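J.: Got a file for you: coords-v8.cif, mmCIF, C-alpha atoms.
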```
data_protein
#
loop_
_atom_site.label_atom_id
_atom_site.label_comp_id
_atom_site.auth_asym_id
_atom_site.auth_seq_id
_atom_site.Cartn_x
_atom_site.Cartn_y
_atom_site.Cartn_z
CA MET A 294 5.32 0.00 -2.67
CA THR A 295 8.07 -1.45 -4.86
CA GLN A 296 9.48 1.65 -6.57
CA HIS A 297 12.13 2.34 -3.90
CA PRO A 298 15.31 0.43 -2.95
CA THR A 299 15.02 -2.57 -0.65
CA PRO A 300 17.65 -4.18 1.62
CA PRO A 301 20.32 -5.33 1.55
CA TYR A 302 21.96 -1.93 1.16
CA PRO A 303 25.74 -1.57 0.77
CA GLU A 304 27.51 -1.60 4.12
CA GLN A 305 28.52 1.98 4.87
CA GLN A 306 29.38 4.29 7.70
CA GLN A 307 29.92 8.04 8.01
CA PRO A 308 30.94 10.42 10.77
CA MET A 309 28.03 12.13 12.52
CA PRO A 310 25.78 13.80 11.50
CA GLY A 311 26.25 12.32 8.00
CA ARG A 312 25.98 13.73 4.49
CA THR A 313 23.47 12.96 1.74
CA ASP A 314 25.95 12.73 -1.13
CA ALA A 315 27.88 9.92 0.58
CA MET A 316 24.85 7.63 0.90
CA ASP A 317 24.29 4.58 -1.31
CA PRO A 318 21.55 4.50 -2.50
CA ARG A 319 21.05 8.24 -2.55
CA PRO A 320 17.87 9.25 -0.68
CA ASP A 321 14.86 10.37 -2.70
CA HIS A 322 13.44 13.65 -1.39
CA GLY A 323 10.94 14.07 -4.21
CA GLU A 324 13.29 16.00 -6.47
CA HIS A 325 11.80 14.37 -9.57
CA SER A 326 8.46 13.13 -8.27
CA TYR A 327 6.74 15.48 -5.84
CA VAL A 328 4.09 17.58 -7.60
CA GLY A 329 2.54 20.51 -5.74
CA HIS A 330 -1.04 21.73 -6.07
CA GLY A 331 -0.93 25.11 -4.33
CA ARG A 332 -2.18 23.71 -1.03
CA LEU A 333 0.14 25.97 1.02
CA LEU A 334 0.09 29.03 -1.22
CA ASP A 335 1.93 31.96 0.39
CA LYS A 336 2.30 30.19 3.74
CA LYS A 337 5.43 31.02 5.74
CA ALA A 338 7.14 28.02 7.31
CA ILE A 339 10.09 27.13 9.53
CA VAL A 340 11.53 23.64 9.02
CA THR A 341 14.23 22.54 11.47
CA GLY A 342 16.67 19.87 10.38
CA GLY A 343 15.83 20.98 6.86
CA ASP A 344 19.24 20.35 5.34
CA SER A 345 18.64 16.66 4.57
CA GLY A 346 16.39 13.66 5.08
CA ILE A 347 12.80 14.24 6.15
CA GLY A 348 13.43 17.97 6.61
CA ARG A 349 14.63 18.41 3.03
CA ALA A 350 11.67 16.46 1.67
CA VAL A 351 9.26 18.60 3.71
CA ALA A 352 10.93 21.88 2.68
CA LEU A 353 10.82 20.84 -0.98
CA ALA A 354 7.18 19.74 -0.78
CA TYR A 355 6.17 22.94 1.02
CA ALA A 356 7.87 25.04 -1.65
CA ARG A 357 6.16 23.16 -4.46
CA GLU A 358 2.86 23.68 -2.61
CA GLY A 359 3.54 27.43 -2.60
CA ALA A 360 5.20 28.15 0.77
CA ASP A 361 8.30 30.18 1.62
CA VAL A 362 10.62 28.30 3.97
CA LEU A 363 13.23 29.15 6.58
CA ILE A 364 15.53 26.13 6.91
CA CYS A 365 17.36 25.53 10.20
CA TYR A 366 20.28 23.12 10.40
CA LEU A 367 23.32 22.45 12.58
CA ASP A 368 26.41 22.79 10.37
CA GLU A 369 25.79 20.70 7.23
CA HIS A 370 26.26 23.65 4.91
CA ASP A 371 26.55 21.70 1.63
CA ASP A 372 23.36 19.75 2.28
CA ALA A 373 21.53 22.91 3.35
CA ALA A 374 22.62 24.73 0.21
CA GLU A 375 21.08 21.96 -1.90
CA THR A 376 17.79 22.24 -0.03
CA LYS A 377 17.84 25.99 -0.61
CA ARG A 378 18.45 25.42 -4.32
CA LEU A 379 15.47 23.08 -4.55
CA VAL A 380 13.16 25.51 -2.76
CA GLU A 381 14.25 28.40 -4.97
CA GLN A 382 13.93 26.22 -8.06
CA ALA A 383 10.26 25.85 -7.07
CA GLY A 384 9.96 29.63 -7.19
CA ARG A 385 9.81 30.23 -3.43
CA THR A 386 12.02 32.02 -0.90
CA ALA A 387 14.51 29.95 1.09
CA ILE A 388 16.42 31.28 4.10
CA LEU A 389 19.23 29.26 5.68
CA VAL A 390 19.95 29.60 9.39
CA PRO A 391 22.68 27.38 10.87
CA GLY A 392 23.11 26.82 14.59
CA ASP A 393 22.46 24.65 17.61
CA LEU A 394 18.78 24.80 18.55
CA SER A 395 19.46 23.30 21.97
CA ASP A 396 20.55 26.85 22.89
CA PRO A 397 17.35 28.74 23.76
CA ALA A 398 18.82 32.01 22.53
CA ARG A 399 19.60 30.43 19.14
CA ALA A 400 16.05 29.03 18.91
CA ARG A 401 14.60 32.47 19.60
CA ALA A 402 16.93 34.01 17.02
CA VAL A 403 15.63 31.58 14.39
CA VAL A 404 12.07 32.72 15.02
CA ASP A 405 13.16 36.37 14.97
CA LYS A 406 14.78 35.86 11.55
CA ALA A 407 11.65 34.22 10.18
CA VAL A 408 9.46 37.08 11.42
CA ALA A 409 11.85 39.69 10.04
CA ALA A 410 11.83 38.00 6.62
CA PHE A 411 8.21 36.85 6.38
CA GLY A 412 6.27 39.08 8.80
CA ARG A 413 4.58 36.07 10.38
CA ILE A 414 4.86 32.32 10.93
CA ASP A 415 2.13 30.01 9.62
CA VAL A 416 3.81 26.63 10.08
CA LEU A 417 6.54 25.45 12.45
CA VAL A 418 7.97 22.00 11.70
CA ASN A 419 10.07 20.76 14.63
CA ASN A 420 12.10 18.05 12.93
CA ALA A 421 15.76 18.42 13.99
CA ALA A 422 17.05 15.51 16.07
CA HIS A 423 20.15 13.92 17.55
CA GLN A 424 20.55 10.14 17.64
CA ALA A 425 23.33 7.81 18.69
CA THR A 426 23.54 4.04 19.22
CA PHE A 427 24.76 2.46 22.48
CA GLN A 428 24.85 -1.20 23.45
CA SER A 429 24.76 -0.73 27.25
CA LEU A 430 23.53 1.79 29.79
CA GLU A 431 27.07 2.41 31.00
CA ASP A 432 28.10 3.55 27.51
CA ILE A 433 25.68 6.51 27.61
CA SER A 434 27.48 9.47 29.13
CA ASP A 435 25.67 12.17 31.08
CA ALA A 436 26.63 14.63 28.36
CA GLU A 437 25.14 12.39 25.64
CA TRP A 438 21.86 12.03 27.54
CA GLN A 439 21.65 15.79 28.09
CA LEU A 440 22.52 16.57 24.45
CA THR A 441 19.80 14.24 23.16
CA PHE A 442 17.13 15.82 25.34
CA ALA A 443 18.33 19.37 24.65
CA THR A 444 18.24 18.83 20.88
CA ASN A 445 15.17 16.64 20.53
CA ILE A 446 12.66 17.99 23.04
CA HIS A 447 13.95 21.13 24.76
CA ALA A 448 14.46 22.85 21.39
CA MET A 449 10.84 22.12 20.44
CA PHE A 450 9.68 23.94 23.58
CA TYR A 451 11.95 26.92 22.92
CA LEU A 452 10.85 27.21 19.29
CA ALA A 453 7.14 26.77 19.96
CA LYS A 454 7.21 29.32 22.79
CA ALA A 455 8.97 31.85 20.56
CA ALA A 456 6.86 31.19 17.45
CA VAL A 457 3.33 31.12 18.86
CA PRO A 458 3.12 34.90 19.49
CA HIS A 459 3.77 35.38 15.76
CA MET A 460 1.09 32.88 14.65
CA GLN A 461 -2.41 33.86 13.67
CA ARG A 462 -5.46 31.67 14.14
CA GLY A 463 -4.99 28.75 11.76
CA GLY A 464 -1.29 28.44 12.59
CA VAL A 465 0.20 24.97 12.73
CA ILE A 466 2.97 23.22 14.67
CA ILE A 467 4.11 19.78 13.46
CA ASN A 468 6.56 17.75 15.57
CA THR A 469 8.55 14.75 14.39
CA THR A 470 8.30 11.91 16.88
CA SER A 471 9.07 8.26 15.95
CA ILE A 472 7.86 4.70 16.12
CA ASN A 473 10.40 4.56 18.95
CA ALA A 474 7.86 6.45 21.07
CA ASP A 475 5.81 3.24 21.11
CA GLN A 476 8.38 0.53 20.27
CA PRO A 477 11.67 1.76 21.77
CA ASN A 478 14.86 0.31 20.37
CA GLU A 479 17.07 -0.59 23.32
CA THR A 480 20.20 0.63 21.52
CA LEU A 481 18.57 4.06 21.05
CA LEU A 482 17.56 4.55 24.68
CA ALA A 483 18.09 8.31 24.92
CA TYR A 484 16.64 9.01 21.46
CA ALA A 485 13.60 6.77 22.00
CA THR A 486 12.88 8.36 25.38
CA THR A 487 12.83 11.83 23.84
CA LYS A 488 10.49 10.63 21.10
CA GLY A 489 8.05 9.44 23.75
CA ALA A 490 8.30 12.88 25.34
CA ILE A 491 7.57 14.53 21.98
CA HIS A 492 4.42 12.43 21.59
CA ASN A 493 3.20 13.61 24.99
CA PHE A 494 4.32 17.21 24.38
CA THR A 495 2.29 17.28 21.16
CA ALA A 496 -0.91 16.09 22.81
CA GLY A 497 -0.59 18.51 25.71
CA LEU A 498 0.39 21.53 23.63
CA ALA A 499 -2.51 20.91 21.26
CA GLN A 500 -4.93 21.28 24.15
CA MET A 501 -3.15 24.36 25.47
CA LEU A 502 -3.22 26.19 22.12
CA ALA A 503 -6.64 25.12 20.86
CA GLU A 504 -8.44 28.23 22.12
CA ARG A 505 -5.89 30.35 20.24
CA GLY A 506 -6.75 28.55 17.00
CA ILE A 507 -3.33 26.92 16.63
CA ARG A 508 -3.21 23.23 15.81
CA VAL A 509 -0.41 20.94 17.02
CA ASN A 510 0.21 17.48 15.58
CA ALA A 511 3.03 15.00 15.13
CA VAL A 512 4.30 12.56 12.53
CA ALA A 513 5.79 9.27 13.72
CA PRO A 514 8.15 7.84 11.11
CA GLY A 515 9.33 4.28 11.09
CA PRO A 516 12.72 3.56 9.50
CA VAL A 517 13.65 6.29 7.00
CA TRP A 518 16.74 6.34 4.77
CA THR A 519 18.48 9.53 5.93
CA PRO A 520 22.08 10.49 6.80
CA LEU A 521 21.35 9.68 10.45
CA ILE A 522 21.38 5.98 9.59
CA PRO A 523 24.93 5.42 8.23
CA SER A 524 26.30 7.98 10.69
CA THR A 525 24.78 6.51 13.86
CA MET A 526 24.42 2.76 13.24
CA PRO A 527 26.93 -0.06 12.69
CA PRO A 528 27.42 -1.05 9.02
CA GLU A 529 25.79 -4.46 9.51
CA GLN A 530 22.61 -2.77 10.77
CA VAL A 531 22.68 -0.26 7.92
CA LYS A 532 22.79 -3.15 5.46
CA THR A 533 19.42 -4.52 6.63
CA PHE A 534 17.84 -1.24 7.72
CA GLY A 535 14.05 -1.30 7.36
CA SER A 536 13.80 -5.02 6.66
CA ASN A 537 11.82 -5.51 9.88
CA THR A 538 8.77 -3.70 8.45
CA PRO A 539 5.88 -5.47 6.69
CA LEU A 540 6.87 -3.60 3.52
CA GLY A 541 10.39 -4.97 3.90
CA ARG A 542 12.31 -1.72 3.42
CA ALA A 543 13.01 1.72 4.83
CA ALA A 544 10.97 4.69 3.68
CA GLN A 545 12.51 7.26 1.41
CA PRO A 546 12.20 10.86 2.72
CA VAL A 547 9.75 11.77 -0.05
CA GLU A 548 7.31 9.24 1.42
CA LEU A 549 7.16 11.26 4.65
CA ALA A 550 6.36 14.59 3.01
CA PRO A 551 2.60 14.05 2.35
CA PRO A 552 1.47 13.91 6.00
CA TYR A 553 3.48 17.05 6.82
CA VAL A 554 1.75 18.78 3.92
CA MET A 555 -1.70 17.53 4.86
CA LEU A 556 -1.35 18.57 8.52
CA ALA A 557 -0.22 22.07 7.46
CA THR A 558 -3.19 22.68 5.17
CA ASP A 559 -6.53 24.20 6.12
CA GLU A 560 -8.05 20.88 5.03
CA ALA A 561 -6.81 19.46 8.36
CA SER A 562 -8.71 22.08 10.37
CA TYR A 563 -10.22 19.51 12.78
CA ILE A 564 -7.00 17.57 13.34
CA THR A 565 -5.05 18.56 16.44
CA GLY A 566 -3.31 16.53 19.13
CA ALA A 567 -2.89 13.67 16.65
CA THR A 568 0.13 11.58 15.77
CA VAL A 569 0.22 10.24 12.20
CA PRO A 570 2.28 7.02 11.92
CA VAL A 571 4.26 6.44 8.72
CA THR A 572 5.84 3.13 9.62
CA GLY A 573 5.72 0.77 6.66
CA GLY A 574 3.08 -1.31 8.39
CA ARG A 575 4.52 -1.61 11.89
CA PRO A 576 1.72 -0.92 14.42
CA PHE A 577 1.91 2.29 16.41
CA LEU A 578 0.05 2.76 19.70
#
```
In structure tokens, how does this file's structure come out?
T.:
Amino acid sequence: MTQHPTPPYPEQQQPMPGRTDAMDPRPDHGEHSYVGHGRLLDKKAIVTGGDSGIGRAVALAYAREGADVLICYLDEHDDAAETKRLVEQAGRTAILVPGDLSDPARARAVVDKAVAAFGRIDVLVNNAAHQATFQSLEDISDAEWQLTFATNIHAMFYLAKAAVPHMQRGGVIINTTSINADQPNETLLAYATTKGAIHNFTAGLAQMLAERGIRVNAVAPGPVWTPLIPSTMPPEQVKTFGSNTPLGRAAQPVELAPPYVMLATDEASYITGATVPVTGGRPFL
């Protein structure tokens, strides 16, 4: 619990959506620590938002567990290239697909590329998200509200609908929700509202797909040190980010990877409709 950096962090700010290399301290995705044990051997996975943060940590962990990974991202090409390098360094196939998943045609194209490359989809990780901070309701434009919903929840529907026909029994969908689903931050109104929707979407979809043998679960992170933080929060908030948890710090992305691995394995065969909180001790639901 003490091996990772604790606040105060250096005050810093970046333009959205942020870049990993500009962060201080640099996030830990498990580059030097995550050890795989073949738990996802020859699985074929899609990880959205896989260029950095939680998505990079999950893609790296999946590769070291034996999976091939298609990595979706918006336009952070340098970050995505590093994720690809890490996956290939683990001896697995990495495919990069940039684009805006809020476009249903783009979401379907991502699934088509995965099927063309892999022949099937075993795991879909819906992790990509948009977040922005606003101090008052009047500051949130209609376009901002619509963008947040289109990116955070509509894209999950598009991707799941396209992927499920290419999943066999034992397939898995894992959605990234947030502690904001239960404890909404008033300055993240649009983001927090979508995370509540994701929590509900996960529980409902799990029931809908159970008879087809496809499990659907979610992970609810607390504060995690990713490029979203310095690119969407004021520097004074970045400085103390994560200090409001019982552990007194933000998680590093590598600390989120284990539940995504566990939920994707056959060991989790009786887990569906669940949300796994990774919150540094803050209660969830």
J.: Provide the CA of Pro458 in chain A to CA of Lys488 in chain A distance in Å, to one decimal place.
T.: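 Between CA of Pro458 in chain A and CA of Lys488 in chain A the gap works out to 25.4 Å.
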J.: Quick one: of A:Ala425, A:Ile388, A:Ala407, A:Ala485, who's nearest to Ile522 in chain A, counting only C-alpha atoms?
T.: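 Answer, going by the shortest atom-to-atom distance: A:Ala425.
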J.: Taking the file as I've supplied it (selection: the PyMOL selection byres ((chain A and resi 343) around 10)), which residues are included? Please answer as a ChimeraX atom specification.
T.: /A:339-342,344-353,362-367,369,372-373,376-377,389-390,418-421
J.: Given the point (20.5, 28.2, 21.0) in the coordinates of this file, which residues lie within 12 Å, counting all atoms listed in the file, and how would they look as a PyMOL selection string?
T.: chain A and resi 365-367+390-404+443-444+447-452
J.: Convert the output of the PyMOL selection byres ((chain A and resi 295) around 12) on the shown file into explicit residues, formatted as a list of chain:residue names.
T.: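 On the file shown, the PyMOL selection byres ((chain A and resi 295) around 12) covers A:Met294, A:Gln296, A:His297, A:Pro298, A:Thr299, A:Pro300, A:Leu540, A:Gly541, A:Arg542, A:Ala543, A:Ala544, A:Gln545, A:Gly573.
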J.: Let's have the selection written as a compact mmCIF listing (two decimals), keeping the file's coordinate frame, with C-alpha atoms.
T.:
```txt
# COMPACT_ATOMS: atom_id res chain seq x y z
CA MET A 294 5.32 0.00 -2.67
CA GLN A 296 9.48 1.65 -6.57
CA HIS A 297 12.13 2.34 -3.90
CA PRO A 298 15.31 0.43 -2.95
CA THR A 299 15.02 -2.57 -0.65
CA PRO A 300 17.65 -4.18 1.62
CA LEU A 540 6.87 -3.60 3.52
CA GLY A 541 10.39 -4.97 3.90
CA ARG A 542 12.31 -1.72 3.42
CA ALA A 543 13.01 1.72 4.83
CA ALA A 544 10.97 4.69 3.68
CA GLN A 545 12.51 7.26 1.41
CA GLY A 573 5.72 0.77 6.66
```
J.: With distances taken over all atoms listed in the file, which of A:Gln439, A:Pro576, A:Ala315, A:Arg357 is nearest to Pro539 in chain A?
T.: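 Ranking A:Gln439, A:Pro576, A:Ala315, A:Arg357 by distance to Pro539 in chain A, first place goes to A:Pro576.
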J.: Looking at A:Val531, A:Ile491, A:Ala557, A:Ala374, which one is nearest to Lys337 in chain A, with distances taken over only C-alpha atoms?
T.: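 Residue with the minimum atom-to-atom distance to Lys337 in chain A: A:Ala557.
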J.: Out of A:Met555, A:Ile466, A:Ala499, A:Ala387, which residue has the shortest atom-to-atom distance to Gly329 in chain A when counting only C-alpha atoms?
T.: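 For Gly329 in chain A, the nearest of the candidates is A:Met555.
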J.: Let me have the centre and edge lengths in Å, one decimal, of the box along x, y and z around every listed atom of range 488-491 of chain A with 4 Å of margin on each side, as lines of an AutoDock Vina configuration file.
T.:
```
center_x = 9.0
center_y = 12.0
center_z = 23.2
size_x = 10.9
size_y = 13.1
size_z = 12.2
```
J.: Taking into account only C-alpha atoms, which residue in the set A:Gly331, A:Gly566, A:Pro552, A:Pro520 is nearest to Gln306 in chain A?
T.: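 Once distances to Gln306 in chain A are computed over only C-alpha atoms, the minimum belongs to A:Pro520.
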J.: Which of these, A:Gly506, A:Met460, A:Phe534, A:Ala453, has the shortest distance to Leu521 in chain A once you count all atoms listed in the file?
T.: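 Under the stated criterion, the closest residue is A:Phe534.
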J.: How would you write, as a list of chain:residue names, the residues chosen by the PyMOL selection byres ((chain A and resi 461-463) around 10) on this structure?
T.: A:Arg413, A:Ile414, A:Asp415, A:Val416, A:Val457, A:Pro458, A:His459, A:Met460, A:Gly464, A:Val465, A:Leu502, A:Ala503, A:Glu504, A:Arg505, A:Gly506, A:Ile507, A:Arg508, A:Ala557, A:Thr558, A:Asp559, A:Ser562
J.: Between CA of Pro570 in chain A and CA of Gly489 in chain A, what is the distance in Å, rounded to a tenth?
T.: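 Separation of CA of Pro570 in chain A and CA of Gly489 in chain A: 13.4 Å.
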J.: What is the distance, in Å and to one decimal place, between CA of Leu549 in chain A and CA of Glu381 in chain A?
T.: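 Pair CA of Leu549 in chain A / CA of Glu381 in chain A returns 20.9 Å.
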J.: Excluding same-chain residues fewer than 2 positions from Thr480 in chain A, what lies within 10 Å of it counting all atoms listed in the file, as a list in words?
T.: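 Listing them by chain and then by number gives Ala425, Thr426, Phe427, Gln428, Ser429, Leu430, Pro477, Asn478, Leu482, Ala483, Tyr484, Ala485 and Met526 of chain A.
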J.: Could range 507-565 of chain A be written out with C-alpha atoms, as a PDB file, in the first residue's frame, please?
T.:
```pdb
ATOM      1  CA  ILE A 507     -21.891 -14.339 -22.082  1.00  0.00           C
ATOM      2  CA  ARG A 508     -20.955 -12.703 -18.800  1.00  0.00           C
ATOM      3  CA  VAL A 509     -21.124  -8.929 -18.251  1.00  0.00           C
ATOM      4  CA  ASN A 510     -19.451  -7.179 -15.328  1.00  0.00           C
ATOM      5  CA  ALA A 511     -18.031  -3.793 -14.405  1.00  0.00           C
ATOM      6  CA  VAL A 512     -15.082  -2.350 -12.521  1.00  0.00           C
ATOM      7  CA  ALA A 513     -15.624   0.822 -10.497  1.00  0.00           C
ATOM      8  CA  PRO A 514     -12.339   2.668  -9.991  1.00  0.00           C
ATOM      9  CA  GLY A 515     -11.833   5.357  -7.428  1.00  0.00           C
ATOM     10  CA  PRO A 516      -9.198   8.020  -8.164  1.00  0.00           C
ATOM     11  CA  VAL A 517      -6.623   6.714 -10.661  1.00  0.00           C
ATOM     12  CA  TRP A 518      -3.512   8.568 -11.842  1.00  0.00           C
ATOM     13  CA  THR A 519      -4.141   8.805 -15.597  1.00  0.00           C
ATOM     14  CA  PRO A 520      -3.817  11.566 -18.236  1.00  0.00           C
ATOM     15  CA  LEU A 521      -7.483  12.447 -17.663  1.00  0.00           C
ATOM     16  CA  ILE A 522      -6.538  14.004 -14.330  1.00  0.00           C
ATOM     17  CA  PRO A 523      -4.089  16.789 -15.305  1.00  0.00           C
ATOM     18  CA  SER A 524      -6.043  17.417 -18.509  1.00  0.00           C
ATOM     19  CA  THR A 525      -9.490  17.821 -16.934  1.00  0.00           C
ATOM     20  CA  MET A 526      -8.910  19.150 -13.406  1.00  0.00           C
ATOM     21  CA  PRO A 527      -7.483  22.416 -12.031  1.00  0.00           C
ATOM     22  CA  PRO A 528      -3.819  22.193 -10.912  1.00  0.00           C
ATOM     23  CA  GLU A 529      -4.706  22.647  -7.234  1.00  0.00           C
ATOM     24  CA  GLN A 530      -6.989  19.596  -7.398  1.00  0.00           C
ATOM     25  CA  VAL A 531      -4.355  17.581  -9.252  1.00  0.00           C
ATOM     26  CA  LYS A 532      -1.896  18.333  -6.442  1.00  0.00           C
ATOM     27  CA  THR A 533      -4.059  16.570  -3.834  1.00  0.00           C
ATOM     28  CA  PHE A 534      -5.707  14.013  -6.112  1.00  0.00           C
ATOM     29  CA  GLY A 535      -6.602  10.815  -4.249  1.00  0.00           C
ATOM     30  CA  SER A 536      -5.898  12.198  -0.783  1.00  0.00           C
ATOM     31  CA  ASN A 537      -9.577  11.767   0.142  1.00  0.00           C
ATOM     32  CA  THR A 538      -9.272   7.957   0.166  1.00  0.00           C
ATOM     33  CA  PRO A 539      -8.493   5.906   3.292  1.00  0.00           C
ATOM     34  CA  LEU A 540      -5.231   4.869   1.615  1.00  0.00           C
ATOM     35  CA  GLY A 541      -4.406   8.537   1.122  1.00  0.00           C
ATOM     36  CA  ARG A 542      -3.430   8.407  -2.552  1.00  0.00           C
ATOM     37  CA  ALA A 543      -4.641   7.751  -6.076  1.00  0.00           C
ATOM     38  CA  ALA A 544      -4.310   4.291  -7.575  1.00  0.00           C
ATOM     39  CA  GLN A 545      -1.736   3.638 -10.245  1.00  0.00           C
ATOM     40  CA  PRO A 546      -3.191   2.037 -13.415  1.00  0.00           C
ATOM     41  CA  VAL A 547      -1.399  -1.250 -12.707  1.00  0.00           C
ATOM     42  CA  GLU A 548      -3.506  -1.599  -9.551  1.00  0.00           C
ATOM     43  CA  LEU A 549      -6.666  -1.729 -11.672  1.00  0.00           C
ATOM     44  CA  ALA A 550      -5.484  -4.488 -14.005  1.00  0.00           C
ATOM     45  CA  PRO A 551      -6.058  -7.518 -11.695  1.00  0.00           C
ATOM     46  CA  PRO A 552      -9.876  -7.286 -11.524  1.00  0.00           C
ATOM     47  CA  TYR A 553     -10.091  -6.907 -15.314  1.00  0.00           C
ATOM     48  CA  VAL A 554      -7.967 -10.032 -15.646  1.00  0.00           C
ATOM     49  CA  MET A 555      -9.942 -11.988 -13.064  1.00  0.00           C
ATOM     50  CA  LEU A 556     -13.317 -11.107 -14.622  1.00  0.00           C
ATOM     51  CA  ALA A 557     -12.058 -12.184 -18.076  1.00  0.00           C
ATOM     52  CA  THR A 558     -10.878 -15.609 -16.926  1.00  0.00           C
ATOM     53  CA  ASP A 559     -12.914 -18.804 -16.822  1.00  0.00           C
ATOM     54  CA  GLU A 560     -12.271 -18.774 -13.069  1.00  0.00           C
ATOM     55  CA  ALA A 561     -14.970 -16.078 -12.835  1.00  0.00           C
ATOM     56  CA  SER A 562     -17.571 -18.307 -14.513  1.00  0.00           C
ATOM     57  CA  TYR A 563     -20.261 -17.579 -11.880  1.00  0.00           C
ATOM     58  CA  ILE A 564     -19.681 -13.828 -11.755  1.00  0.00           C
ATOM     59  CA  THR A 565     -22.009 -11.774 -13.934  1.00  0.00           C
TER      60      THR A 565
END
```
